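Novice: Handing you this structure, nothing more for now.
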Amino acid sequence: MNADPKEFIANARAALGDPKLRPALGRLKTHFGAGRAIAVQRYGDFEGLREAGKAIRNHAVTHLDELLVQFEASVAARGGTVRWARDAGEARRVILSILQDVGAKTVTKGKSMVTEEILLNPFLEANGIEPVETDLGEYIIQLRHEPPSHIIAPAFHLSKEQVAETFFAAHTELDPKRSLEERNSLVQEARAILRRRFEAADAGITGANFLSAKDGAAVIVTNEGNGDLTRLLPRTHIVVTGIEKVVADMNDVAVLLRLLTRSATGQPISTYVSVMAGPRGPDETDGPENFHVVLIDNGRSRLIGTEAQDVLRCIRCSACINHCPIYGAVGGHAYGATYMGPIGAALNPATMGVENAAHHANASTFCGRCAEVCPVMIPLPKIMRHWRAIEYGQGLAPKAITRGLTLWAFAAKRPALYRLGASIAARVLKMLGRRGTIHAVPFKNGWFAVRDFPVPEGQTFQQQWRARK
Ligand code: SF4
């Protein structure tokens, strides 16, 4: 599969024919969808919580300039530093310079989609620094040299048998006859190996789920505790995250945490919530000596004031992905991008360019389920339509679609012609049908290769409307 967003259609076709992917994607509903539904029902006024989350994130997005300056001052007051990066290249260089300043050769990493977004790992490796992913899913895909297929479950596409194969191939120092049939044995093996890597790391890099401007603190949620070991054991800790993660204070963070974990995994709260604020204090027994936060724009600020601004509210819970029929059919790798599913469709055209990520905005049935489950009420289909309009306006849409829409617009402005066309089309479709179903239409083989269409019944809407008068 090609890690190129322009290859989405070919990738999706390959994914649809991949028998190993089916059982993994089948777990989306049982694993995440059902958990969220139960958590939402148990909470009670979840809609009220969503409204509160939306208001908090809207305030943050519309006051980013003030909150980010306040955050920088709060971090400095605690003895840390904030570094700014306009784009992925600048972010990579800033992180490298921090690591080189402290002579780091090995870096442990907590799960961070932003470091995936800026392609940090290959850059560090090319500069003689070894990154070690410590989230179990990230560790597995790092061994397999694959990108994440899901934003909170990076190895979601793999079975435990595939993970066992990966461990046998990678951990050659261990007994080749050991049993890795049980999930627990896989976890224990990864834990033992990663423990040694934690202890030897020169620096640790984590992401951040939220930043509190008032407290100069970054907050992450994990279920494995690897975030704490990444940030506490090495002498240098770097938080790498997007500028939009900032909110006013920890009260706002508390509301968003309630939304995040319920929407993501159905948990009332994750196993670990880590609040990271500055280097180790004089009276503290653990923590890093150096604390840096790298804040990355990478196209985010360009969204402010546009119809896509609402996507900056995203708290990366993955609920939209877990409920998306397109993601559920093709998985995450087909997108060829760090962010997949509806959030990818809304965000990638901004960060990667419409010319590169237009397929993502079109990869939607517009069923609207993503917007219904989004904890901060982002109108994802509306934002996808915005990118589609830009694609069309810039002449990037496929010629067949451009011509079809031009023809439709011409007819839609001429009611008599439209009525005539609709009535002819209905008659032709009736003639093509067999026992209530159309199995093929000339020149539309691709569409009908995987689906049928019901034969139109009775009169057209216009005919029924006229008959009522
Ligand atoms: S768009 Fe909404 S549902 Fe999707 S990841 Fe972001 S916050 Fe979650």
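Residues are named by chain letter and number: chains run A, B, ... in the order of the structure tokens, numbers start at 1 in each chain, and ligands are numbered from 1 in the order shown.
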What are the closest atom pairs, with distances in Å to one decimal, for all residues of chain A lying within 7 Å of ligand 1? Consider only C-alpha atoms and all ligand atoms, order rows by chain and residue number, and present the result as a Markdown table.
Specialist:
| residue | atom | partner | partner_atom_place_in_ligand_line | distance |
| --- | --- | --- | --- | --- |
| A:Val311 | CA | ligand 1 | 1 (S) | 6.6 |
| A:Arg313 | CA | ligand 1 | 7 (S) | 6.9 |
| A:Cys314 | CA | ligand 1 | 6 (Fe) | 3.7 |
| A:Ile315 | CA | ligand 1 | 7 (S) | 4.3 |
| A:Arg316 | CA | ligand 1 | 5 (S) | 3.8 |
| A:Cys317 | CA | ligand 1 | 8 (Fe) | 3.9 |
| A:Ser318 | CA | ligand 1 | 5 (S) | 3.9 |
| A:Ala319 | CA | ligand 1 | 3 (S) | 4.3 |
| A:Cys320 | CA | ligand 1 | 3 (S) | 4.0 |
| A:Ile321 | CA | ligand 1 | 4 (Fe) | 6.3 |
| A:Pro342 | CA | ligand 1 | 4 (Fe) | 6.5 |
| A:Ile343 | CA | ligand 1 | 1 (S) | 4.7 |
| A:Cys370 | CA | ligand 1 | 3 (S) | 6.2 |
| A:Val373 | CA | ligand 1 | 3 (S) | 6.0 |
| A:Cys374 | CA | ligand 1 | 3 (S) | 3.6 |
| A:Pro375 | CA | ligand 1 | 7 (S) | 5.6 |
| A:Val376 | CA | ligand 1 | 7 (S) | 5.7 |
| A:Met377 | CA | ligand 1 | 2 (Fe) | 6.6 |
| A:Ile378 | CA | ligand 1 | 2 (Fe) | 5.8 |
| A:Leu380 | CA | ligand 1 | 1 (S) | 6.8 |
Novice: So that I can check the surroundings of Leu420 (chain A), please list as a ChimeraX atom specification every protein, DNA and RNA residue that reaches within 12 Å of it, counting only C-alpha atoms and ignoring chain neighbours fewer than 6 positions away.
Specialist: /A:411-412,414,426-427,460,462-463
Novice: Give me a file of those residues, with N, CA and C atoms, as a JSON list (two decimals), in the first residue's frame.
Specialist:
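For reference, result-v5.json as written:
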[["chain", "number", "residue", "atom", "x", "y", "z"],
["A", 411, "ALA", "N", -29.26, 22.06, -16.08],
["A", 411, "ALA", "CA", -30.64, 21.54, -16.05],
["A", 411, "ALA", "C", -31.40, 22.06, -14.84],
["A", 412, "ALA", "N", -30.70, 22.17, -13.69],
["A", 412, "ALA", "CA", -31.39, 22.57, -12.46],
["A", 412, "ALA", "C", -31.93, 24.00, -12.56],
["A", 414, "ARG", "N", -33.28, 25.16, -15.22],
["A", 414, "ARG", "CA", -34.36, 25.15, -16.22],
["A", 414, "ARG", "C", -35.37, 24.06, -15.82],
["A", 426, "ALA", "N", -35.92, 8.19, -15.20],
["A", 426, "ALA", "CA", -36.69, 7.20, -14.42],
["A", 426, "ALA", "C", -37.18, 6.08, -15.33],
["A", 427, "ARG", "N", -37.64, 6.46, -16.55],
["A", 427, "ARG", "CA", -38.13, 5.42, -17.46],
["A", 427, "ARG", "C", -36.99, 4.49, -17.91],
["A", 460, "THR", "N", -42.28, 10.25, -10.58],
["A", 460, "THR", "CA", -41.22, 11.09, -10.01],
["A", 460, "THR", "C", -41.84, 12.03, -8.98],
["A", 462, "GLN", "N", -41.72, 15.25, -8.93],
["A", 462, "GLN", "CA", -42.39, 16.37, -9.61],
["A", 462, "GLN", "C", -43.79, 15.95, -10.08],
["A", 463, "GLN", "N", -43.88, 14.71, -10.61],
["A", 463, "GLN", "CA", -45.20, 14.24, -11.09],
["A", 463, "GLN", "C", -46.17, 14.12, -9.92]]
Novice: Based on the backbone DSSP call, show me all residues of region 76-304 of chain A assigned strand (DSSP E), as a compact mmCIF listing (two decimals) with N, CA and C atoms, in the first residue's frame.
Specialist:
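Below is the file that was written, out-v5.txt:
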# COMPACT_ATOMS: atom_id res chain seq x y z
N THR A 81 10.91 25.81 28.65
CA THR A 81 10.97 26.71 27.49
C THR A 81 9.95 26.27 26.45
N VAL A 82 9.43 27.25 25.72
CA VAL A 82 8.52 26.96 24.61
C VAL A 82 9.22 27.34 23.32
N ARG A 83 9.20 26.44 22.36
CA ARG A 83 9.78 26.72 21.04
C ARG A 83 8.65 26.64 20.02
N TRP A 84 8.72 27.46 19.00
CA TRP A 84 7.64 27.57 18.01
C TRP A 84 8.12 27.02 16.67
N ALA A 85 7.23 26.38 15.95
CA ALA A 85 7.58 25.86 14.61
C ALA A 85 6.44 26.15 13.64
N THR A 106 19.67 8.35 22.29
CA THR A 106 18.46 7.50 22.30
C THR A 106 17.31 8.29 22.89
N VAL A 107 16.15 8.21 22.24
CA VAL A 107 14.98 8.98 22.68
C VAL A 107 13.79 8.04 22.79
N THR A 108 13.20 7.95 23.98
CA THR A 108 11.94 7.22 24.09
C THR A 108 10.80 8.15 23.71
N LYS A 109 9.74 7.56 23.14
CA LYS A 109 8.61 8.39 22.70
C LYS A 109 7.30 7.82 23.22
N GLU A 130 18.41 7.54 17.87
CA GLU A 130 17.49 6.41 17.76
C GLU A 130 16.19 6.70 18.52
N PRO A 131 15.05 6.79 17.81
CA PRO A 131 13.77 6.95 18.51
C PRO A 131 13.19 5.58 18.85
N VAL A 132 12.68 5.43 20.06
CA VAL A 132 12.09 4.15 20.49
C VAL A 132 10.64 4.42 20.90
N GLU A 133 9.70 3.92 20.11
CA GLU A 133 8.29 4.10 20.46
C GLU A 133 7.96 3.22 21.67
N ALA A 203 16.65 11.11 26.37
CA ALA A 203 15.57 12.12 26.34
C ALA A 203 14.25 11.40 26.09
N GLY A 204 13.16 12.06 26.44
CA GLY A 204 11.83 11.51 26.20
C GLY A 204 10.97 12.53 25.46
N ILE A 205 10.21 12.04 24.48
CA ILE A 205 9.30 12.93 23.74
C ILE A 205 7.87 12.41 23.92
N THR A 206 6.98 13.28 24.34
CA THR A 206 5.56 12.93 24.39
C THR A 206 4.76 13.93 23.57
N PHE A 210 -3.90 18.07 25.91
CA PHE A 210 -4.32 19.46 26.16
C PHE A 210 -3.16 20.23 26.78
N LEU A 211 -3.21 21.55 26.62
CA LEU A 211 -2.27 22.45 27.29
C LEU A 211 -3.09 23.43 28.11
N SER A 212 -2.71 23.64 29.35
CA SER A 212 -3.40 24.64 30.17
C SER A 212 -2.58 25.93 30.16
N ALA A 217 0.98 23.87 31.78
CA ALA A 217 1.05 22.41 31.91
C ALA A 217 0.53 21.74 30.64
N ALA A 218 1.16 20.60 30.31
CA ALA A 218 0.68 19.74 29.23
C ALA A 218 0.07 18.50 29.89
N VAL A 219 -1.05 18.03 29.32
CA VAL A 219 -1.75 16.88 29.91
C VAL A 219 -1.83 15.78 28.87
N ILE A 220 -1.45 14.55 29.27
CA ILE A 220 -1.65 13.41 28.37
C ILE A 220 -2.42 12.30 29.08
N VAL A 221 -3.17 11.54 28.30
CA VAL A 221 -3.86 10.37 28.84
C VAL A 221 -3.26 9.13 28.19
N THR A 222 -3.02 8.11 29.01
CA THR A 222 -2.55 6.82 28.47
C THR A 222 -3.19 5.70 29.29
N THR A 236 15.96 14.86 29.89
CA THR A 236 15.31 15.90 29.07
C THR A 236 13.95 15.40 28.59
N HIS A 237 12.95 16.25 28.75
CA HIS A 237 11.61 15.91 28.27
C HIS A 237 11.15 16.99 27.28
N ILE A 238 10.70 16.52 26.11
CA ILE A 238 10.18 17.46 25.10
C ILE A 238 8.72 17.09 24.82
N VAL A 239 7.83 18.06 24.96
CA VAL A 239 6.43 17.88 24.57
C VAL A 239 6.30 18.45 23.16
N VAL A 240 5.78 17.65 22.25
CA VAL A 240 5.60 18.12 20.86
C VAL A 240 4.11 18.08 20.55
N THR A 241 3.54 19.22 20.22
CA THR A 241 2.10 19.22 19.97
C THR A 241 1.69 20.40 19.09
N GLY A 242 0.42 20.38 18.68
CA GLY A 242 -0.10 21.44 17.82
C GLY A 242 -0.56 22.64 18.64
N VAL A 246 -4.20 24.20 23.14
CA VAL A 246 -4.24 25.02 24.35
C VAL A 246 -5.69 25.34 24.75
N VAL A 247 -5.95 25.32 26.05
CA VAL A 247 -7.22 25.81 26.61
C VAL A 247 -6.88 26.71 27.80
N TYR A 272 -4.18 6.35 33.18
CA TYR A 272 -3.23 7.38 33.63
C TYR A 272 -3.62 8.72 33.02
N VAL A 273 -3.60 9.75 33.85
CA VAL A 273 -3.70 11.14 33.36
C VAL A 273 -2.46 11.84 33.90
N SER A 274 -1.56 12.25 33.02
CA SER A 274 -0.29 12.84 33.46
C SER A 274 -0.30 14.34 33.21
N VAL A 275 -0.01 15.09 34.23
CA VAL A 275 0.08 16.55 34.11
C VAL A 275 1.56 16.92 34.15
N MET A 276 2.05 17.49 33.06
CA MET A 276 3.49 17.72 32.92
C MET A 276 3.74 19.22 32.91
N ASN A 290 15.44 19.10 32.21
CA ASN A 290 15.10 20.10 31.16
C ASN A 290 13.71 19.80 30.63
N PHE A 291 12.91 20.85 30.45
CA PHE A 291 11.54 20.67 29.98
C PHE A 291 11.28 21.65 28.83
N HIS A 292 10.95 21.12 27.68
CA HIS A 292 10.69 21.96 26.50
C HIS A 292 9.31 21.60 25.92
N VAL A 293 8.66 22.61 25.39
CA VAL A 293 7.42 22.37 24.64
C VAL A 293 7.62 22.93 23.24
N VAL A 294 7.43 22.09 22.23
CA VAL A 294 7.53 22.55 20.84
C VAL A 294 6.11 22.67 20.28
N LEU A 295 5.72 23.88 19.95
CA LEU A 295 4.35 24.14 19.46
C LEU A 295 4.38 24.31 17.95
N ILE A 296 3.58 23.49 17.29
CA ILE A 296 3.64 23.40 15.82
C ILE A 296 2.37 23.96 15.19
Novice: Please measure the separation of CA of Glu244 (chain A) and CA of Ala213 (chain A), giving the value in Å to one decimal.
Specialist: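 Result for CA of Glu244 (chain A) versus CA of Ala213 (chain A): 11.5 Å, one decimal.
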Novice: Counting only C-alpha atoms, what is within 8 Å of Thr265 (chain A), bar same-chain residues fewer than 3 positions away, as a PyMOL selection string?
Specialist: chain A and resi 31-32+35-36+261-262
Novice: What is the distance between CA of Phe448 (chain A) and CA of Arg13 (chain A), in Å to one decimal?
Specialist: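 Straight-line distance from CA of Phe448 (chain A) to CA of Arg13 (chain A) works out to 14.5 Å.
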Novice: Calculate how many Å separate CA of Lys413 (chain A) from CA of Arg385 (chain A), rounding to one decimal.
Specialist: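 Between CA of Lys413 (chain A) and CA of Arg385 (chain A) the gap works out to 21.2 Å.
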Novice: Tell me which of A:Arg468, A:Lys6, A:Arg78, A:Lys444 sits closest to Gly281 (chain A), counting only C-alpha atoms.
Specialist: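 Distance minimum relative to Gly281 (chain A) lands on A:Arg78.
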Novice: Using only C-alpha atoms, which protein or nucleic acid residues come within 10 Å of region 393-408 of chain A? Drop anything in the same chain fewer than 3 positions from it, and give the result as a list in words.
Specialist: Val354, Glu355, Asn356, Ala358, His359, Asn362, Trp387, Arg388, Ala389, Ile390, Ala411, Ala412, Lys413 and Tyr418 of chain A
Novice: Using only C-alpha atoms, pick whichever of A:Pro325, A:Gln267, A:Phe167, A:Gly17 has the shortest atom-to-atom distance to Ala39 (chain A).
Specialist: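 Among the listed residues, A:Gln267 lies closest to Ala39 (chain A).
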Novice: Run DSSP on the backbone and give me the residues of region 177-426 of chain A it puts in alpha helix (DSSP H), as an MDAnalysis selection string.
Specialist: chainID A and resid 183:200 226:232 250:264 319:322 325:330 341:352 354:362 369:373 380:393 399:412 415:426
Novice: Nearest residue to Gly328 (chain A) out of A:Leu25, A:Ser74, A:Pro5, A:Ala363, using only C-alpha atoms?
Specialist: A:Leu25
Novice: Show me, as a VMD selection string, the residues that have an atom within 12 Å of region 181-191 of chain A when counting only C-alpha atoms, minus same-chain residues fewer than 3 positions from it.
Specialist: chain A and resid 133 to 140 143 159 to 168 170 to 171 173 to 175 177 to 178 194 to 198 224 to 226 229
Novice: Residues within 7 Å of region 145-149 of chain A, please, as a list in words. Count only C-alpha atoms; anything in the same chain fewer than 6 positions from it doesn't count.
Specialist: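 The contact residues come out as Ala155, Phe156, His157, Gly331, Gly332 and His333 of chain A.
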Novice: If you keep all heavy atoms, can you produce a file of those selected residues as a compact mmCIF listing (two decimals), in the first residue's frame?
Specialist:
# COMPACT_ATOMS: atom_id res chain seq x y z
N ALA A 155 -1.91 0.01 15.92
CA ALA A 155 -1.75 -1.32 15.32
C ALA A 155 -3.09 -2.04 15.23
O ALA A 155 -3.14 -3.27 15.25
CB ALA A 155 -0.75 -2.13 16.16
N PHE A 156 -4.15 -1.28 15.12
CA PHE A 156 -5.49 -1.85 15.12
C PHE A 156 -5.70 -2.84 13.97
O PHE A 156 -6.52 -3.76 14.07
CB PHE A 156 -6.51 -0.71 15.00
CG PHE A 156 -7.91 -1.13 15.28
CD1 PHE A 156 -8.31 -1.43 16.56
CD2 PHE A 156 -8.84 -1.26 14.25
CE1 PHE A 156 -9.61 -1.84 16.83
CE2 PHE A 156 -10.13 -1.66 14.50
CZ PHE A 156 -10.51 -1.96 15.80
N HIS A 157 -4.95 -2.68 12.89
CA HIS A 157 -5.15 -3.51 11.70
C HIS A 157 -4.53 -4.90 11.85
O HIS A 157 -4.70 -5.74 10.98
CB HIS A 157 -4.53 -2.81 10.49
CG HIS A 157 -3.07 -2.49 10.66
ND1 HIS A 157 -2.62 -1.56 11.58
CD2 HIS A 157 -1.96 -2.97 10.05
CE1 HIS A 157 -1.30 -1.47 11.50
NE2 HIS A 157 -0.87 -2.32 10.60
N GLY A 331 -9.99 0.86 6.24
CA GLY A 331 -8.95 1.01 7.26
C GLY A 331 -8.16 2.29 7.09
O GLY A 331 -8.46 3.13 6.24
N GLY A 332 -7.13 2.43 7.90
CA GLY A 332 -6.41 3.70 7.97
C GLY A 332 -5.29 3.88 6.97
O GLY A 332 -5.02 4.99 6.51
N HIS A 333 -4.61 2.79 6.59
CA HIS A 333 -3.46 2.95 5.70
C HIS A 333 -3.84 3.44 4.31
O HIS A 333 -3.03 4.04 3.61
CB HIS A 333 -2.69 1.63 5.59
CG HIS A 333 -1.88 1.32 6.83
ND1 HIS A 333 -1.40 0.08 7.13
CD2 HIS A 333 -1.50 2.12 7.86
CE1 HIS A 333 -0.74 0.12 8.27
NE2 HIS A 333 -0.80 1.34 8.74
Novice: Which one is closest to Pro268 (chain A): A:Met431, A:Ala200, A:Ile243, A:Ile38? Count only C-alpha atoms.
Specialist: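 For Pro268 (chain A), the nearest of the candidates is A:Ile38.
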